[in-house]
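Novice: start-v6.txt is the file, holding compact mmCIF, C-alpha atoms:
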# COMPACT_ATOMS: atom_id res chain seq x y z
CA MET A 1 -4.71 -21.40 20.55
CA LYS A 2 -2.60 -24.46 20.06
CA ILE A 3 -1.65 -26.10 16.80
CA LYS A 4 -2.32 -29.80 17.29
CA ASN A 5 -1.75 -31.28 13.82
CA ILE A 6 0.51 -30.88 10.85
CA ALA A 7 -1.51 -29.18 8.13
CA ILE A 8 -0.67 -28.28 4.55
CA VAL A 9 -2.69 -25.81 2.47
CA GLY A 10 -2.16 -24.35 -1.00
CA SER A 11 -0.01 -25.47 -3.89
CA LEU A 12 3.19 -24.75 -5.77
CA GLU A 13 1.27 -23.44 -8.78
CA SER A 14 2.05 -19.95 -10.04
CA ASN A 15 0.44 -17.20 -7.90
CA ASP A 16 -0.22 -19.65 -5.07
CA VAL A 17 1.63 -20.42 -1.86
CA MET A 18 2.04 -23.67 0.06
CA ILE A 19 1.84 -23.29 3.81
CA THR A 20 2.90 -26.07 6.16
CA ILE A 21 2.09 -25.60 9.82
CA GLU A 22 3.11 -27.94 12.63
CA PRO A 23 3.13 -27.97 16.44
CA LEU A 24 6.10 -26.34 18.17
CA GLU A 25 6.57 -25.53 21.86
CA ASN A 26 7.20 -22.03 23.20
CA LYS A 27 7.89 -20.12 20.02
CA LEU A 28 6.65 -19.10 16.61
CA GLU A 29 9.06 -19.99 13.84
CA ILE A 30 8.39 -18.72 10.31
CA ILE A 31 10.52 -20.02 7.43
CA ILE A 32 10.03 -18.33 4.09
CA GLU A 33 11.01 -19.52 0.64
CA SER A 34 9.82 -17.42 -2.29
CA ILE A 35 10.49 -16.71 -5.94
CA VAL A 36 10.33 -13.04 -4.97
CA TYR A 37 12.15 -13.38 -1.65
CA ASP A 38 14.55 -10.49 -2.20
CA GLN A 39 11.75 -8.09 -3.09
CA PHE A 40 8.94 -9.19 -0.77
CA ASN A 41 10.34 -11.18 2.13
CA GLU A 42 9.19 -8.64 4.71
CA GLU A 43 5.69 -8.31 3.23
CA ILE A 44 5.21 -12.08 3.16
CA LYS A 45 6.38 -12.40 6.75
CA LYS A 46 4.05 -9.60 7.85
CA ALA A 47 1.05 -11.25 6.12
CA VAL A 48 1.83 -14.55 7.90
CA GLN A 49 2.38 -12.83 11.25
CA ASP A 50 -0.85 -10.80 10.92
CA VAL A 51 -2.94 -13.95 10.53
CA CYS A 52 -1.14 -15.62 13.46
CA ASP A 53 -1.89 -12.56 15.62
CA GLU A 54 -5.50 -12.42 14.52
CA LEU A 55 -6.09 -16.10 15.26
CA GLU A 56 -3.91 -16.02 18.41
CA VAL A 57 -1.31 -18.51 17.28
CA LYS A 58 1.85 -18.02 19.33
CA GLN A 59 3.48 -21.43 19.11
CA ALA A 60 3.99 -23.17 15.77
CA LYS A 61 6.46 -23.88 13.04
CA ILE A 62 5.30 -22.39 9.73
CA LYS A 63 6.94 -23.07 6.39
CA VAL A 64 5.94 -20.77 3.55
CA ASN A 65 6.74 -21.79 -0.02
CA ASP A 66 5.59 -18.86 -2.12
CA ARG A 67 5.09 -18.81 -5.87
CA GLY A 68 4.24 -15.14 -6.25
CA ALA A 69 0.96 -15.12 -4.31
CA LEU A 70 -0.94 -11.93 -3.54
CA GLU A 71 -1.29 -10.87 0.09
CA CYS A 72 -4.95 -11.96 0.12
CA THR A 73 -3.92 -15.42 -1.08
CA ILE A 74 -1.16 -15.77 1.54
CA LYS A 75 -3.58 -14.72 4.25
CA ALA A 76 -6.27 -17.13 2.99
CA ARG A 77 -3.85 -20.06 2.91
CA MET A 78 -2.52 -19.17 6.37
CA GLU A 79 -6.01 -18.97 7.83
CA ALA A 80 -6.98 -22.35 6.36
CA ALA A 81 -3.70 -23.91 7.58
CA ILE A 82 -4.27 -22.67 11.14
CA ILE A 83 -7.87 -23.89 11.18
CA ARG A 84 -6.79 -27.31 9.96
CA GLY A 85 -3.82 -27.34 12.36
CA LYS A 86 -6.15 -26.67 15.26
CA GLY A 87 -8.29 -29.58 14.16
CA GLU A 88 -11.28 -27.38 13.47
CA ILE A 89 -13.60 -27.87 10.54
CA LEU A 90 -15.02 -24.83 8.80
CA MET B 91 -32.47 -3.29 -13.56
CA ILE B 92 -31.02 -4.35 -16.90
CA SER B 93 -27.98 -6.52 -16.62
CA LEU B 94 -25.72 -8.02 -19.18
CA LYS B 95 -25.01 -11.71 -19.06
CA ARG B 96 -23.80 -12.75 -22.49
CA THR B 97 -21.00 -14.77 -20.93
CA MET B 98 -20.73 -16.29 -17.49
CA LEU B 99 -17.25 -17.69 -16.95
CA PHE B 100 -16.63 -20.36 -14.32
CA ILE B 101 -13.47 -19.83 -12.25
CA PRO B 102 -12.33 -22.74 -10.02
CA GLY B 103 -12.59 -21.54 -6.43
CA ASN B 104 -9.27 -22.91 -5.23
CA ASN B 105 -7.14 -21.45 -8.03
CA PRO B 106 -5.53 -18.13 -7.00
CA SER B 107 -4.08 -17.47 -10.44
CA MET B 108 -7.47 -17.73 -12.17
CA LEU B 109 -9.13 -15.81 -9.36
CA MET B 110 -6.80 -12.80 -9.59
CA ASN B 111 -6.95 -12.76 -13.40
CA SER B 112 -10.66 -13.48 -13.68
CA ILE B 113 -11.73 -10.14 -15.16
CA VAL B 114 -9.13 -9.97 -17.92
CA PHE B 115 -10.94 -12.57 -20.03
CA GLY B 116 -13.77 -10.14 -20.88
CA SER B 117 -16.80 -12.09 -19.69
CA ASP B 118 -19.81 -10.12 -18.48
CA CYS B 119 -19.96 -12.27 -15.34
CA VAL B 120 -17.58 -14.51 -13.44
CA ILE B 121 -18.73 -17.44 -11.32
CA PHE B 122 -16.34 -18.45 -8.55
CA ASP B 123 -17.02 -22.12 -8.15
CA LEU B 124 -17.01 -23.76 -4.72
CA GLU B 125 -18.92 -26.80 -5.93
CA ASP B 126 -17.81 -29.18 -8.68
CA ALA B 127 -14.45 -27.50 -9.32
CA VAL B 128 -13.34 -28.04 -5.71
CA SER B 129 -12.59 -31.44 -4.16
CA GLU B 130 -14.14 -32.38 -0.82
CA LYS B 131 -10.80 -31.96 0.96
CA GLN B 132 -10.28 -28.43 -0.32
CA LYS B 133 -13.73 -26.96 0.36
CA ASP B 134 -12.48 -25.05 3.43
CA ALA B 135 -9.41 -23.59 1.70
CA ALA B 136 -11.36 -22.59 -1.42
CA ARG B 137 -14.09 -20.88 0.58
CA ILE B 138 -11.55 -18.76 2.48
CA LEU B 139 -9.59 -17.97 -0.68
CA VAL B 140 -12.69 -16.84 -2.56
CA ARG B 141 -13.84 -14.75 0.42
CA ASN B 142 -10.46 -12.98 0.61
CA GLY B 143 -10.47 -12.41 -3.16
CA LEU B 144 -13.97 -10.95 -3.00
CA LYS B 145 -12.94 -8.61 -0.20
CA THR B 146 -9.72 -7.45 -1.84
CA LEU B 147 -9.84 -7.56 -5.63
CA ASP B 148 -11.48 -5.00 -7.90
CA PHE B 149 -13.85 -6.64 -10.38
CA GLU B 150 -14.72 -3.34 -12.10
CA ASN B 151 -17.86 -3.84 -14.23
CA THR B 152 -17.80 -7.61 -14.13
CA GLU B 153 -20.72 -9.12 -12.23
CA VAL B 154 -19.59 -11.55 -9.56
CA PHE B 155 -21.40 -14.81 -8.85
CA VAL B 156 -20.44 -17.60 -6.49
CA ARG B 157 -21.62 -21.14 -7.04
CA ILE B 158 -22.04 -22.46 -3.51
CA ASN B 159 -22.51 -26.13 -2.69
CA ASP B 160 -26.06 -27.36 -2.92
CA ILE B 161 -28.37 -27.17 0.05
CA SER B 162 -28.36 -30.91 0.70
CA THR B 163 -24.65 -30.69 1.64
CA LYS B 164 -23.02 -29.68 4.92
CA TYR B 165 -21.10 -26.90 3.13
CA TRP B 166 -23.64 -24.46 1.77
CA LYS B 167 -24.26 -22.37 4.88
CA ASN B 168 -20.53 -21.97 5.54
CA ASP B 169 -20.08 -21.04 1.88
CA LEU B 170 -22.68 -18.28 2.14
CA GLU B 171 -21.41 -17.09 5.52
CA GLU B 172 -17.94 -16.52 4.10
CA VAL B 173 -18.58 -15.24 0.57
CA MET B 174 -21.21 -12.75 1.68
CA LYS B 175 -18.47 -10.93 3.59
CA GLY B 176 -17.09 -9.93 0.18
CA LYS B 177 -18.39 -8.06 -2.84
CA ILE B 178 -20.82 -10.31 -4.68
CA ASN B 179 -23.83 -9.73 -6.89
CA SER B 180 -25.43 -13.12 -6.97
CA ILE B 181 -25.48 -16.70 -5.78
CA LEU B 182 -25.67 -19.56 -8.27
CA LEU B 183 -27.73 -22.22 -6.53
CA PRO B 184 -26.86 -25.68 -7.84
CA LYS B 185 -29.25 -28.61 -8.16
CA THR B 186 -32.30 -26.47 -7.56
CA GLU B 187 -35.32 -28.74 -7.86
CA SER B 188 -38.18 -26.86 -6.24
CA PRO B 189 -39.29 -23.48 -4.88
CA LYS B 190 -38.56 -24.90 -1.41
CA SER B 191 -34.81 -25.01 -2.14
CA VAL B 192 -34.86 -21.37 -3.24
CA LYS B 193 -36.84 -20.30 -0.16
CA GLU B 194 -34.41 -22.08 2.15
CA ALA B 195 -31.39 -20.41 0.56
CA GLU B 196 -33.17 -17.05 0.47
CA LYS B 197 -33.99 -17.23 4.18
CA TYR B 198 -30.34 -17.72 5.09
CA ILE B 199 -29.19 -15.02 2.64
CA GLU B 200 -31.62 -12.60 4.32
CA GLU B 201 -30.21 -13.47 7.75
CA LEU B 202 -26.68 -12.80 6.54
CA GLU B 203 -27.64 -9.54 4.82
CA LYS B 204 -28.94 -8.32 8.18
CA LYS B 205 -25.92 -9.69 10.06
CA TYR B 206 -23.41 -7.98 7.77
CA ASN B 207 -25.51 -4.87 7.04
CA ILE B 208 -25.50 -5.57 3.31
CA GLU B 209 -27.60 -2.88 1.65
CA LYS B 210 -27.60 -4.12 -1.93
CA GLN B 211 -29.83 -7.17 -2.24
CA ILE B 212 -27.99 -10.28 -3.38
CA THR B 213 -29.77 -12.03 -6.22
CA ILE B 214 -30.21 -15.75 -6.82
CA MET B 215 -29.80 -17.72 -10.01
CA PRO B 216 -31.13 -21.28 -9.74
CA LEU B 217 -29.11 -23.88 -11.61
CA LEU B 218 -31.47 -26.44 -13.11
CA GLU B 219 -29.58 -29.65 -13.66
CA THR B 220 -31.94 -32.45 -12.75
CA ALA B 221 -35.08 -33.77 -14.42
CA LEU B 222 -37.17 -32.56 -11.46
CA GLY B 223 -35.60 -29.10 -11.64
CA ILE B 224 -36.48 -28.82 -15.32
CA GLU B 225 -40.06 -29.95 -14.73
CA ASN B 226 -40.45 -27.34 -11.96
CA ALA B 227 -38.74 -24.56 -13.93
CA PHE B 228 -41.57 -22.01 -13.93
CA GLN B 229 -42.46 -22.52 -10.25
CA ILE B 230 -38.78 -22.09 -9.39
CA ALA B 231 -38.52 -18.98 -11.57
CA LYS B 232 -41.47 -17.40 -9.70
CA SER B 233 -40.43 -18.52 -6.22
CA SER B 234 -38.53 -15.37 -5.23
CA GLU B 235 -38.20 -11.72 -6.22
CA ARG B 236 -34.44 -12.22 -6.02
CA ILE B 237 -34.32 -14.56 -8.99
CA GLU B 238 -32.89 -12.82 -12.04
CA GLY B 239 -32.54 -15.80 -14.31
CA LEU B 240 -32.59 -19.57 -14.80
CA PHE B 241 -29.36 -21.36 -15.59
CA LEU B 242 -29.33 -24.69 -17.41
CA GLY B 243 -26.70 -27.27 -16.41
CA ALA B 244 -26.64 -30.04 -18.99
CA GLU B 245 -23.88 -32.28 -17.68
CA ASP B 246 -25.58 -33.39 -14.46
CA LEU B 247 -28.95 -33.22 -16.20
CA THR B 248 -28.05 -35.75 -18.89
CA ALA B 249 -26.67 -38.07 -16.22
CA ASP B 250 -29.98 -37.75 -14.36
CA LEU B 251 -31.93 -38.35 -17.56
CA GLY B 252 -29.84 -41.41 -18.38
CA ALA B 253 -29.01 -39.79 -21.71
CA LYS B 254 -25.69 -39.53 -23.49
CA ARG B 255 -24.32 -35.97 -23.62
CA THR B 256 -23.47 -35.07 -27.22
CA LYS B 257 -22.12 -31.99 -28.98
CA GLU B 258 -25.28 -31.79 -31.08
CA GLY B 259 -27.36 -31.57 -27.91
CA LYS B 260 -30.53 -33.31 -29.12
CA GLU B 261 -30.82 -34.90 -25.68
CA ILE B 262 -31.23 -31.47 -24.03
CA LEU B 263 -33.48 -29.82 -26.62
CA TYR B 264 -36.61 -30.21 -24.51
CA SER B 265 -34.83 -28.95 -21.38
CA ARG B 266 -33.39 -25.95 -23.19
CA SER B 267 -36.80 -25.01 -24.57
CA ARG B 268 -38.42 -25.58 -21.20
CA VAL B 269 -35.92 -23.37 -19.38
CA VAL B 270 -36.22 -20.55 -21.94
CA THR B 271 -40.02 -20.70 -21.90
CA ALA B 272 -40.22 -20.75 -18.11
CA ALA B 273 -37.73 -17.89 -17.77
CA LYS B 274 -39.48 -15.73 -20.36
CA ALA B 275 -42.89 -16.46 -18.84
CA ALA B 276 -41.48 -15.23 -15.54
CA LYS B 277 -39.80 -12.25 -17.29
CA ILE B 278 -36.30 -13.22 -16.23
CA LEU B 279 -33.12 -14.26 -18.06
CA ALA B 280 -32.27 -17.69 -19.45
CA ILE B 281 -28.62 -18.78 -19.42
CA ASP B 282 -27.44 -21.76 -21.44
CA THR B 283 -25.17 -24.58 -20.33
CA PRO B 284 -21.45 -24.41 -21.21
CA PHE B 285 -20.00 -26.07 -24.28
CA THR B 286 -17.46 -28.38 -22.74
CA ASP B 287 -15.04 -29.19 -25.58
CA VAL B 288 -12.41 -26.50 -25.04
CA ASP B 289 -10.68 -27.11 -28.39
CA ASP B 290 -13.69 -27.26 -30.71
CA ASP B 291 -14.34 -23.66 -31.73
CA GLU B 292 -16.61 -24.64 -34.63
CA GLY B 293 -18.78 -26.71 -32.28
CA LEU B 294 -18.91 -23.81 -29.82
CA VAL B 295 -20.07 -21.40 -32.54
CA LYS B 296 -22.87 -23.75 -33.66
CA ASP B 297 -23.97 -24.45 -30.10
CA THR B 298 -23.99 -20.76 -29.14
CA ILE B 299 -25.85 -19.60 -32.26
CA PHE B 300 -28.48 -22.24 -31.58
CA ALA B 301 -28.81 -21.13 -27.95
CA LYS B 302 -29.31 -17.52 -29.04
CA GLU B 303 -31.83 -18.50 -31.73
CA ILE B 304 -34.06 -20.34 -29.27
CA GLY B 305 -34.10 -17.44 -26.81
CA PHE B 306 -31.23 -17.74 -24.35
CA ASP B 307 -29.83 -14.40 -23.18
CA GLY B 308 -26.33 -15.69 -22.52
CA LYS B 309 -24.18 -18.75 -22.14
CA ALA B 310 -21.93 -20.16 -19.45
CA SER B 311 -18.33 -20.98 -20.22
CA ILE B 312 -15.78 -23.20 -18.54
CA SER B 313 -12.90 -21.84 -20.62
CA PRO B 314 -11.60 -18.27 -20.98
CA ARG B 315 -10.90 -19.16 -24.63
CA HIS B 316 -14.65 -19.34 -25.28
CA VAL B 317 -15.51 -15.88 -23.98
CA ASP B 318 -14.81 -13.80 -27.11
CA ILE B 319 -16.74 -16.17 -29.39
CA ILE B 320 -19.80 -16.20 -27.12
CA ASN B 321 -19.72 -12.43 -26.62
CA LYS B 322 -19.64 -11.84 -30.37
CA ILE B 323 -22.54 -14.17 -31.06
CA PHE B 324 -24.66 -12.50 -28.40
CA MET B 325 -23.90 -9.06 -29.88
CA PRO B 326 -27.04 -7.45 -31.30
CA SER B 327 -27.36 -7.12 -35.09
CA LYS B 328 -27.04 -3.80 -36.97
CA GLU B 329 -30.84 -3.70 -37.42
CA GLU B 330 -31.39 -4.28 -33.68
CA ILE B 331 -28.98 -1.46 -32.81
CA ILE B 332 -30.64 1.02 -35.20
CA TYR B 333 -34.08 0.10 -33.87
CA ALA B 334 -32.89 0.42 -30.24
CA HIS B 335 -31.64 3.95 -30.90
CA LYS B 336 -34.99 4.85 -32.49
CA VAL B 337 -36.89 3.47 -29.47
CA ILE B 338 -34.80 5.40 -26.95
CA ASP B 339 -35.01 8.59 -29.04
CA ALA B 340 -38.79 8.23 -29.24
CA ILE B 341 -39.07 7.64 -25.49
CA GLU B 342 -36.92 10.67 -24.67
CA LYS B 343 -38.86 12.87 -27.09
CA ALA B 344 -42.18 11.72 -25.61
CA GLU B 345 -40.92 12.46 -22.08
CA GLU B 346 -39.88 15.98 -23.14
CA GLU B 347 -43.31 16.56 -24.63
CA GLY B 348 -45.05 15.07 -21.61
CA LYS B 349 -46.70 12.30 -23.61
CA GLY B 350 -47.76 9.16 -21.75
CA VAL B 351 -48.15 6.85 -24.72
CA VAL B 352 -45.30 6.45 -27.17
CA SER B 353 -45.47 5.05 -30.65
CA LEU B 354 -42.81 4.34 -33.25
CA GLU B 355 -43.44 3.54 -36.89
CA GLY B 356 -47.10 3.08 -36.12
CA LYS B 357 -46.57 0.67 -33.22
CA MET B 358 -46.99 1.38 -29.54
CA ILE B 359 -43.77 1.06 -27.52
CA ASP B 360 -44.32 -0.76 -24.25
CA ALA B 361 -41.98 -1.49 -21.34
CA PRO B 362 -40.52 -4.79 -22.68
CA ILE B 363 -39.55 -3.06 -25.95
CA VAL B 364 -37.86 -0.24 -24.05
CA ASN B 365 -36.03 -2.69 -21.81
CA ARG B 366 -34.90 -4.68 -24.83
CA ALA B 367 -33.63 -1.48 -26.52
CA ARG B 368 -31.73 -0.43 -23.40
CA LYS B 369 -30.17 -3.86 -23.20
CA VAL B 370 -29.08 -3.75 -26.84
CA LEU B 371 -27.36 -0.40 -26.24
CA LEU B 372 -25.81 -1.72 -23.04
CA VAL B 373 -24.22 -4.59 -24.98
CA LEU B 374 -23.02 -2.15 -27.62
CA ASN B 375 -21.46 0.22 -25.10
CA LYS B 376 -19.76 -2.59 -23.25
CA SER B 377 -18.29 -4.00 -26.45
CA ARG B 378 -16.95 -0.52 -27.30
CA GLY B 379 -15.42 -0.20 -23.85
CA VAL B 380 -17.64 2.78 -23.02
CA MET B 381 -18.55 1.30 -19.63
The structure given in the file should be rewritten as structure tokens.
Specialist:
Amino acid sequence: MKIKNIAIVGSLESNDVMITIEPLENKLEIIIESIVYDQFNEEIKKAVQDVCDELEVKQAKIKVNDRGALECTIKARMEAAIIRGKGEIL
Amino acid sequence: MISLKRTMLFIPGNNPSMLMNSIVFGSDCVIFDLEDAVSEKQKDAARILVRNGLKTLDFENTEVFVRINDISTKYWKNDLEEVMKGKINSILLPKTESPKSVKEAEKYIEELEKKYNIEKQITIMPLLETALGIENAFQIAKSSERIEGLFLGAEDLTADLGAKRTKEGKEILYSRSRVVTAAKAAKILAIDTPFTDVDDDEGLVKDTIFAKEIGFDGKASISPRHVDIINKIFMPSKEEIIYAHKVIDAIEKAEEEGKGVVSLEGKMIDAPIVNRARKVLLVLNKSRGVM
């Protein structure tokens, strides 16, 4: 499925994450910034990648600005960002 | 089933920090709010966040409610569809004005229970916050077996009445009494509206004592700071606790002896008295951290 729009979901509040997704051709680029980057970079990336796989997103640029969010929060924000990026309304 | 609802704490649905910490505040119930606490543009994100929280987090003994958007909106079915994938006890149904609203929500809840193979029946708590809702309180209370209580919402109600909302609450006295009477006539719980001044502890104490005195079983809260005060006020008195123990002892003794009719201090003990005693001991155990 193709990302058609730039979409932003979440916030920079503590325990939240701000996800920005935008269209990109031919690749999936994930950029992570986090207050716990050194400890959890891989886990955050996996959570983002899992949602992309589940919703069949293979081409997009995704910026993740994490403020210590739980995995379930990262996945929720990612899912909402993809839905908005596809132009769907849930 | 006897359930404890001294405090029902609202948690904004799009706030991950509050969501993950929701049980540490000590309320008997939490209400994840997808309605007034969430702006139109964030309804989708909040719904997904709450669903993921409900699927992942452990709420231990705290009862979990979700306030969905009201059934006149385009959101309510999507709200139910998502949150019923998680662990919830009950749906808070805003702006309920008639039995028809309850039936409509119930029909869709039933469909989703079948779709997701949910064994434990999800209950409904109508939120009465319009003049019409208050006037139809008893009919609403009796409109479904799933209804476990009536919940008064005074902010929208006073706007609908054209009255000024005050801390003293004279403008909602009739509505409070009406909700309590309707709930008790239907043998369900009555939950009072939140006290909205977060910094006025004295006002909160007065308002909560009054709610308890006129028959409410619990009170909603919009601030975690209010939870301890409300819980303490809705604690049973020493006399109530002693009497509850006597009732349960008498019941157990009668069961051992195979007696059908039980009396205590010359009075017959019927089912409402036993239920009340069990509830008193439930509150006591919870406050001691036994459960």
Novice: Excluding same-chain residues fewer than 3 positions from range 76-90 of chain A, what lies within 6 Å of it counting all atoms listed in the file, as a list of chain:residue names?
Specialist: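 The contact residues come out as A:Ile3, A:Lys4, A:Asn5, A:Ile6, A:Ala7, A:Val9, A:Thr73, B:Asp134, B:Ala135, B:Ile138, B:Leu139.
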Novice: If we count all atoms listed in the file, which residues of chain B reach to within 12 Å of chain A? Please list them as a PyMOL selection string.
Specialist: chain B and resi 103-111+131-147+164-169+171-172
Novice: State, in Å with one decimal place, the distance from CA of Asp160 in chain B to CA of Glu187 in chain B.
Specialist: 10.6 Å
Novice: Tell me, in Å to one decimal, how far CA of Leu170 in chain B is from CA of Val156 in chain B.
Specialist: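 Calculated distance between CA of Leu170 in chain B and CA of Val156 in chain B is 8.9 Å.
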Novice: Given all atoms listed in the file as the basis, pick out the residue of B:Arg315, B:Lys349, B:Lys343, B:Lys328 nearest to Val114 in chain B.
Specialist: B:Arg315
Novice: Calculated over only C-alpha atoms, which of the candidates A:Ile32, A:Asn26, A:Leu12, A:Ile19 has the smallest distance to Val57 in chain A?
Specialist: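 Looking only at the distances to Val57 in chain A, the closest residue turns out to be A:Asn26.
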Novice: Can you tell me which residues surround Leu354 in chain B at a distance of at most 9 Å, considering only C-alpha atoms, apart from same-chain residues fewer than 4 positions away, and format the answer as a ChimeraX atom specification?
Specialist: /B:336-337,340,358-359
Novice: At what distance in Å, to one decimal, does CA of Met215 in chain B lie from CA of Lys190 in chain B?
Specialist: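 About the pair CA of Lys190 in chain B and CA of Met215 in chain B: they are 14.2 Å apart.
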Novice: Between B:Ile113, B:Ile181, B:Ile338, B:Ala253, which one has atoms that come closest to Phe149 in chain B, using all atoms listed in the file?
Specialist: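 Among the listed residues, the smallest separation from Phe149 in chain B belongs to B:Ile113.
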Novice: Could you list, as a ChimeraX atom specification, every residue within 6 Å of Thr220 in chain B, counting all atoms listed in the file and ignoring same-chain residues fewer than 3 positions away?
Specialist: /B:223,247,250
Novice: What lies within 6 Å of range 33-49 of chain A using all atoms listed in the file, ignoring chain neighbours under 4 positions off, as JSON, numbers by chain?
Specialist: {"A": [64, 65, 66, 67]}
Novice: Which neighbours of Gly308 in chain B fall inside 6 Å, counting all atoms listed in the file, when residues of the same chain fewer than 5 positions from it are skipped, and could you give them as number ranges by chain?
Specialist: B: 95-97, 281
